[in-house]
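Asks: What follows is a structure written as structure tokens; I'll ask about it next.
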Amino acid sequence: MASKIQASDRAQVKFESKNHKMAFIRKYFALYLISVPGILFFLVFKYVPLLGSVIAFQDYNIFKGISGSEWVGFAHFKRMFEYTEFIIILKNTLLIGLYDLVFAFPVPIILALLLNELRIHTYKRIVQTVIYMPHFLSWVIVGGIVVGLLSPTTGFVNQILSTFGIEPIYFLGDNSYIRTILIGSGIWKDSGWGTIIYLAAIAGINPDLYEAAQIDGASKWRQTFSITIPTILPTITILLLLHMGNFLDFGFERVYIFLNPLNSENGEILDTYVYRAGLVDRQYSYTTAIGLFKSLVGLLLIMIGNTFSKKATGDGLY
């Protein structure tokens, strides 16, 4: 049963001798071998680039390089928090991240619970395929679809509103709608894909638990809240912690395709600001400082969330 599965950090292997250790390595050599590409990927693309983060503490010059650039300490971090525009963008990022956590995160869980109750397997597969498909569309295509649907002249949404006598609304030209569009499009695109892990967790539940509940007269609702949700709670906890770690990483492409001068006040986030200030305006040190700030906030959120999770449920990332 899932409840008896021990966490990986509790598993300990003790070797009686060096020969025993070598025999263990030879036995699982294939597993170690296939892990090498993944380890190399993280070393080359994740850990080595961290060395370049030092330019956040320099007045970096691309011609002088890291070794020749002037050291300025925390000047860029100080500038970051003194800049009014940055504070507004940070507020947008936090609010959009919070809305995504509150409204988008539960949707795959709900979809997985609903799909689990479908008993006609052919229909279930069709529904799964339909809700998975948007995930394989790029954000450029999704943006085109959303822009077409919300067009004030030919958009389907405004056509529906006009039948009720409501004047056309330029949704992408209004600050009050941009956050809703960002969250709604993300739910449509990725919620179906997010159900895969939850469906796998549900599939691992012992059927005897449901049979015993039926004998006791438990309804479907009671089985869901007393068996299904508590059993997949460790999975929900782990994914929630991972989501919290990416709280400030809402996604550059997801926002940039919808952004324009009319909605940037509420729509611009740190990722799009880094693109504009770092690549367009070539403020490399300043935007690296912003990237370090984002990483530290993500690490802090994971540590805090993991601590509360272990105290509340006994499960965590580490």
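The chains in the structure tokens are called A, B, ... from first to last as shown; in each chain the residues are counted from 1, and the ligands are counted from 1 in the order shown.
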Write out as a ChimeraX atom specification each polymer residue whose atoms come within 10 Å of stretch 127-137 of chain A, counting only C-alpha atoms; drop sequence neighbours fewer than 3 positions from it.
Replies: /A:111-112,115,118,121-124,140-143,185-196
Asks: Write out as a ChimeraX atom specification each polymer residue whose atoms come within 9 Å of stretch 68-75 of chain A, counting only C-alpha atoms; drop sequence neighbours fewer than 4 positions from it.
Replies: /A:55-64,79-80,286,289
Asks: Determine, counting only C-alpha atoms, which protein, DNA and RNA residues have an atom within 10 Å of an atom of stretch 309-313 of chain A; residues of the same chain fewer than 2 positions away are not included. Present the result as a list in words.
Replies: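 Residues near the query, excluding close chain neighbours: Leu233, Pro234, Thr237, Ile238, Leu240, Leu241, Met303, Ile304, Gly305, Asn306, Thr307, Asp315, Gly316, Leu317 and Tyr318 of chain A.
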Asks: Excluding same-chain residues fewer than 5 positions from A:Ile236, what lies within 10 Å of it counting only C-alpha atoms, as a tab-separated table (two decimals) with all heavy atoms, in the first residue's frame?
Replies:
```tsv
chain	number	residue	atom	x	y	z
A	105	PHE	N	-3.67	25.50	-9.71
A	105	PHE	CA	-3.10	24.29	-9.12
A	105	PHE	C	-4.15	23.23	-8.79
A	105	PHE	O	-3.91	22.04	-9.03
A	105	PHE	CB	-2.29	24.64	-7.87
A	105	PHE	CG	-1.65	23.46	-7.22
A	105	PHE	CD1	-0.48	22.90	-7.74
A	105	PHE	CD2	-2.21	22.87	-6.09
A	105	PHE	CE1	0.10	21.79	-7.15
A	105	PHE	CE2	-1.63	21.77	-5.50
A	105	PHE	CZ	-0.46	21.22	-6.03
A	106	PRO	N	-5.33	23.58	-8.24
A	106	PRO	CA	-6.31	22.53	-7.90
A	106	PRO	C	-7.00	21.90	-9.11
A	106	PRO	O	-7.57	20.81	-8.97
A	106	PRO	CB	-7.34	23.28	-7.04
A	106	PRO	CG	-6.71	24.57	-6.65
A	106	PRO	CD	-5.78	24.90	-7.77
A	109	ILE	N	-6.08	18.29	-10.10
A	109	ILE	CA	-6.54	17.36	-9.06
A	109	ILE	C	-8.02	17.04	-9.26
A	109	ILE	O	-8.43	15.88	-9.22
A	109	ILE	CB	-6.31	17.95	-7.66
A	109	ILE	CG1	-4.83	18.30	-7.47
A	109	ILE	CG2	-6.77	16.99	-6.57
A	109	ILE	CD1	-4.53	19.05	-6.19
A	197	ILE	N	0.08	12.72	-13.40
A	197	ILE	CA	0.69	12.28	-12.14
A	197	ILE	C	-0.38	11.89	-11.14
A	197	ILE	O	-0.25	10.87	-10.44
A	197	ILE	CB	1.60	13.38	-11.58
A	197	ILE	CG1	2.75	13.65	-12.55
A	197	ILE	CG2	2.13	13.00	-10.20
A	197	ILE	CD1	3.67	14.76	-12.11
A	198	TYR	N	-1.45	12.67	-11.07
A	198	TYR	CA	-2.50	12.37	-10.09
A	198	TYR	C	-3.24	11.08	-10.44
A	198	TYR	O	-3.60	10.30	-9.55
A	198	TYR	CB	-3.48	13.54	-9.98
A	198	TYR	CG	-2.84	14.81	-9.47
A	198	TYR	CD1	-2.68	15.91	-10.28
A	198	TYR	CD2	-2.38	14.89	-8.16
A	198	TYR	CE1	-2.09	17.07	-9.82
A	198	TYR	CE2	-1.79	16.04	-7.68
A	198	TYR	CZ	-1.65	17.13	-8.52
A	198	TYR	OH	-1.05	18.27	-8.05
A	201	ALA	N	-1.13	8.26	-9.36
A	201	ALA	CA	-1.21	8.07	-7.90
A	201	ALA	C	-2.51	7.39	-7.51
A	201	ALA	O	-2.53	6.52	-6.65
A	201	ALA	CB	-1.07	9.42	-7.20
A	229	ILE	N	-8.49	11.18	-1.77
A	229	ILE	CA	-7.72	12.40	-1.48
A	229	ILE	C	-6.66	12.17	-0.41
A	229	ILE	O	-5.50	12.57	-0.59
A	229	ILE	CB	-8.67	13.56	-1.10
A	229	ILE	CG1	-9.52	13.95	-2.32
A	229	ILE	CG2	-7.88	14.76	-0.59
A	229	ILE	CD1	-10.51	15.06	-2.06
A	230	PRO	N	-6.98	11.51	0.72
A	230	PRO	CA	-5.91	11.26	1.71
A	230	PRO	C	-4.76	10.42	1.16
A	230	PRO	O	-3.60	10.62	1.55
A	230	PRO	CB	-6.64	10.52	2.85
A	230	PRO	CG	-8.06	10.95	2.72
A	230	PRO	CD	-8.30	11.10	1.25
A	231	THR	N	-5.06	9.48	0.26
A	231	THR	CA	-4.01	8.62	-0.27
A	231	THR	C	-3.09	9.36	-1.22
A	231	THR	O	-1.87	9.10	-1.25
A	231	THR	CB	-4.64	7.41	-0.99
A	231	THR	OG1	-5.55	6.74	-0.10
A	231	THR	CG2	-3.57	6.42	-1.41
A	241	LEU	N	4.88	21.86	-3.30
A	241	LEU	CA	6.18	22.41	-2.93
A	241	LEU	C	7.00	22.79	-4.16
A	241	LEU	O	7.65	23.84	-4.19
A	241	LEU	CB	6.95	21.40	-2.06
A	241	LEU	CG	6.39	21.14	-0.66
A	241	LEU	CD1	7.15	20.02	0.02
A	241	LEU	CD2	6.45	22.40	0.18
A	242	LEU	N	6.97	21.93	-5.18
A	242	LEU	CA	7.68	22.24	-6.41
A	242	LEU	C	7.08	23.48	-7.09
A	242	LEU	O	7.81	24.30	-7.66
A	242	LEU	CB	7.63	21.04	-7.37
A	242	LEU	CG	8.41	19.80	-6.92
A	242	LEU	CD1	8.14	18.63	-7.88
A	242	LEU	CD2	9.90	20.09	-6.85
```
Asks: Apply DSSP to the structure's backbone, then extract all residues of stretch 79-267 of chain A labelled alpha helix (DSSP H) and return them as a VMD selection string.
Replies: chain A and resid 79 to 82 84 to 99 106 to 116 121 to 132 139 to 150 156 to 163 175 to 203 207 to 215 220 to 223 229 to 245 252 to 256 264 to 267
Asks: As number ranges by chain, please: every residue in stretch 58-183 of chain A that DSSP puts in strand (DSSP E).
Replies: A: 58-59, 70-71
Asks: For A:Leu209, work out the shell of residues within 12 Å, counting only C-alpha atoms and skipping chain neighbours fewer than 2 positions away, then give it as a list in words.
Replies: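 In the requested form, the answer reads Met1, Ala2, Gly204, Ile205, Asn206, Pro207, Glu211, Ala212, Ala213, Gln214, Ile215, Asp216, Ala218, Gln223, Thr224, Ser226, Ile227, Thr228 and Thr231 of chain A.
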Asks: For A:Ile160, find every residue with an atom within 12 Å (counting only C-alpha atoms), except residues of its own chain fewer than 6 positions away, and show them as a list in words.
Replies: Leu149, Leu150, Ser151, Pro152, Thr153, Thr154, Ile166, Glu167, Pro168 and Ile169 of chain A
Asks: What separation in Å, quoted to one decimal, exists between atom CA of A:Tyr170 and atom CA of A:Ile183?
Replies: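 It comes out at 17.6 Å.
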Asks: Could you please determine the separation between atom CA of A:Phe293 and atom CA of A:Leu51 in Å, to one decimal place?
Replies: 15.5 Å
Asks: Applying 9 Å and only C-alpha atoms, which residues near A:Leu101 remain after dropping the ones on its own chain fewer than 3 positions away? List them as an mmCIF file with all heavy atoms, in the first residue's frame.
Replies:
```cif
data_model
loop_
_atom_site.group_PDB
_atom_site.id
_atom_site.type_symbol
_atom_site.label_atom_id
_atom_site.label_comp_id
_atom_site.auth_asym_id
_atom_site.auth_seq_id
_atom_site.Cartn_x
_atom_site.Cartn_y
_atom_site.Cartn_z
ATOM 1 N N ILE A 96 0.075 37.432 -9.789
ATOM 2 C CA ILE A 96 -0.193 36.437 -10.827
ATOM 3 C C ILE A 96 0.207 35.049 -10.337
ATOM 4 O O ILE A 96 -0.495 34.059 -10.565
ATOM 5 C CB ILE A 96 0.535 36.798 -12.130
ATOM 6 C CG1 ILE A 96 -0.085 38.063 -12.739
ATOM 7 C CG2 ILE A 96 0.467 35.655 -13.136
ATOM 8 C CD1 ILE A 96 0.647 38.610 -13.941
ATOM 9 N N GLY A 97 1.356 34.954 -9.648
ATOM 10 C CA GLY A 97 1.773 33.674 -9.080
ATOM 11 C C GLY A 97 0.793 33.158 -8.042
ATOM 12 O O GLY A 97 0.512 31.954 -7.978
ATOM 13 N N LEU A 98 0.260 34.069 -7.221
ATOM 14 C CA LEU A 98 -0.726 33.676 -6.206
ATOM 15 C C LEU A 98 -2.017 33.199 -6.856
ATOM 16 O O LEU A 98 -2.589 32.179 -6.449
ATOM 17 C CB LEU A 98 -1.004 34.862 -5.278
ATOM 18 C CG LEU A 98 -2.018 34.617 -4.154
ATOM 19 C CD1 LEU A 98 -1.514 33.532 -3.202
ATOM 20 C CD2 LEU A 98 -2.294 35.908 -3.388
ATOM 21 N N ALA A 104 -5.276 27.712 -10.492
ATOM 22 C CA ALA A 104 -4.813 26.740 -11.488
ATOM 23 C C ALA A 104 -4.325 25.438 -10.866
ATOM 24 O O ALA A 104 -4.536 24.366 -11.441
ATOM 25 C CB ALA A 104 -3.700 27.352 -12.332
ATOM 26 N N PHE A 105 -3.672 25.504 -9.712
ATOM 27 C CA PHE A 105 -3.105 24.291 -9.125
ATOM 28 C C PHE A 105 -4.150 23.230 -8.788
ATOM 29 O O PHE A 105 -3.915 22.036 -9.030
ATOM 30 C CB PHE A 105 -2.294 24.643 -7.872
ATOM 31 C CG PHE A 105 -1.647 23.456 -7.220
ATOM 32 C CD1 PHE A 105 -0.485 22.896 -7.742
ATOM 33 C CD2 PHE A 105 -2.211 22.869 -6.093
ATOM 34 C CE1 PHE A 105 0.101 21.792 -7.155
ATOM 35 C CE2 PHE A 105 -1.628 21.766 -5.496
ATOM 36 C CZ PHE A 105 -0.463 21.221 -6.028
ATOM 37 N N PRO A 106 -5.333 23.581 -8.244
ATOM 38 C CA PRO A 106 -6.313 22.533 -7.902
ATOM 39 C C PRO A 106 -7.003 21.899 -9.111
ATOM 40 O O PRO A 106 -7.574 20.812 -8.975
ATOM 41 C CB PRO A 106 -7.345 23.281 -7.036
ATOM 42 C CG PRO A 106 -6.711 24.566 -6.649
ATOM 43 C CD PRO A 106 -5.780 24.898 -7.767
ATOM 44 N N LEU A 240 2.921 20.596 -4.841
ATOM 45 C CA LEU A 240 2.682 21.947 -4.327
ATOM 46 C C LEU A 240 3.998 22.616 -3.941
ATOM 47 O O LEU A 240 4.213 23.798 -4.232
ATOM 48 C CB LEU A 240 1.748 21.890 -3.124
ATOM 49 C CG LEU A 240 1.442 23.231 -2.439
ATOM 50 C CD1 LEU A 240 0.766 24.186 -3.410
ATOM 51 C CD2 LEU A 240 0.576 23.027 -1.200
ATOM 52 N N HIS A 243 5.768 23.591 -7.029
ATOM 53 C CA HIS A 243 5.091 24.760 -7.601
ATOM 54 C C HIS A 243 5.499 26.025 -6.855
ATOM 55 O O HIS A 243 5.713 27.084 -7.471
ATOM 56 C CB HIS A 243 3.569 24.564 -7.523
ATOM 57 C CG HIS A 243 2.799 25.593 -8.290
ATOM 58 N ND1 HIS A 243 2.369 25.392 -9.583
ATOM 59 C CD2 HIS A 243 2.380 26.832 -7.963
ATOM 60 C CE1 HIS A 243 1.719 26.463 -10.009
ATOM 61 N NE2 HIS A 243 1.709 27.357 -9.031
ATOM 62 N N MET A 244 5.613 25.932 -5.543
ATOM 63 C CA MET A 244 6.019 27.088 -4.745
ATOM 64 C C MET A 244 7.441 27.515 -5.075
ATOM 65 O O MET A 244 7.771 28.699 -5.061
ATOM 66 C CB MET A 244 5.897 26.759 -3.253
ATOM 67 C CG MET A 244 4.470 26.636 -2.765
ATOM 68 S SD MET A 244 4.384 26.141 -1.024
ATOM 69 C CE MET A 244 5.199 27.530 -0.234
ATOM 70 N N PHE A 247 7.437 29.875 -7.902
ATOM 71 C CA PHE A 247 6.378 30.867 -7.678
ATOM 72 C C PHE A 247 6.590 32.128 -8.517
ATOM 73 O O PHE A 247 5.639 32.701 -9.057
ATOM 74 C CB PHE A 247 6.327 31.230 -6.188
ATOM 75 C CG PHE A 247 5.138 32.058 -5.804
ATOM 76 C CD1 PHE A 247 3.878 31.481 -5.671
ATOM 77 C CD2 PHE A 247 5.267 33.421 -5.569
ATOM 78 C CE1 PHE A 247 2.777 32.244 -5.308
ATOM 79 C CE2 PHE A 247 4.179 34.189 -5.212
ATOM 80 C CZ PHE A 247 2.924 33.597 -5.080
#
```
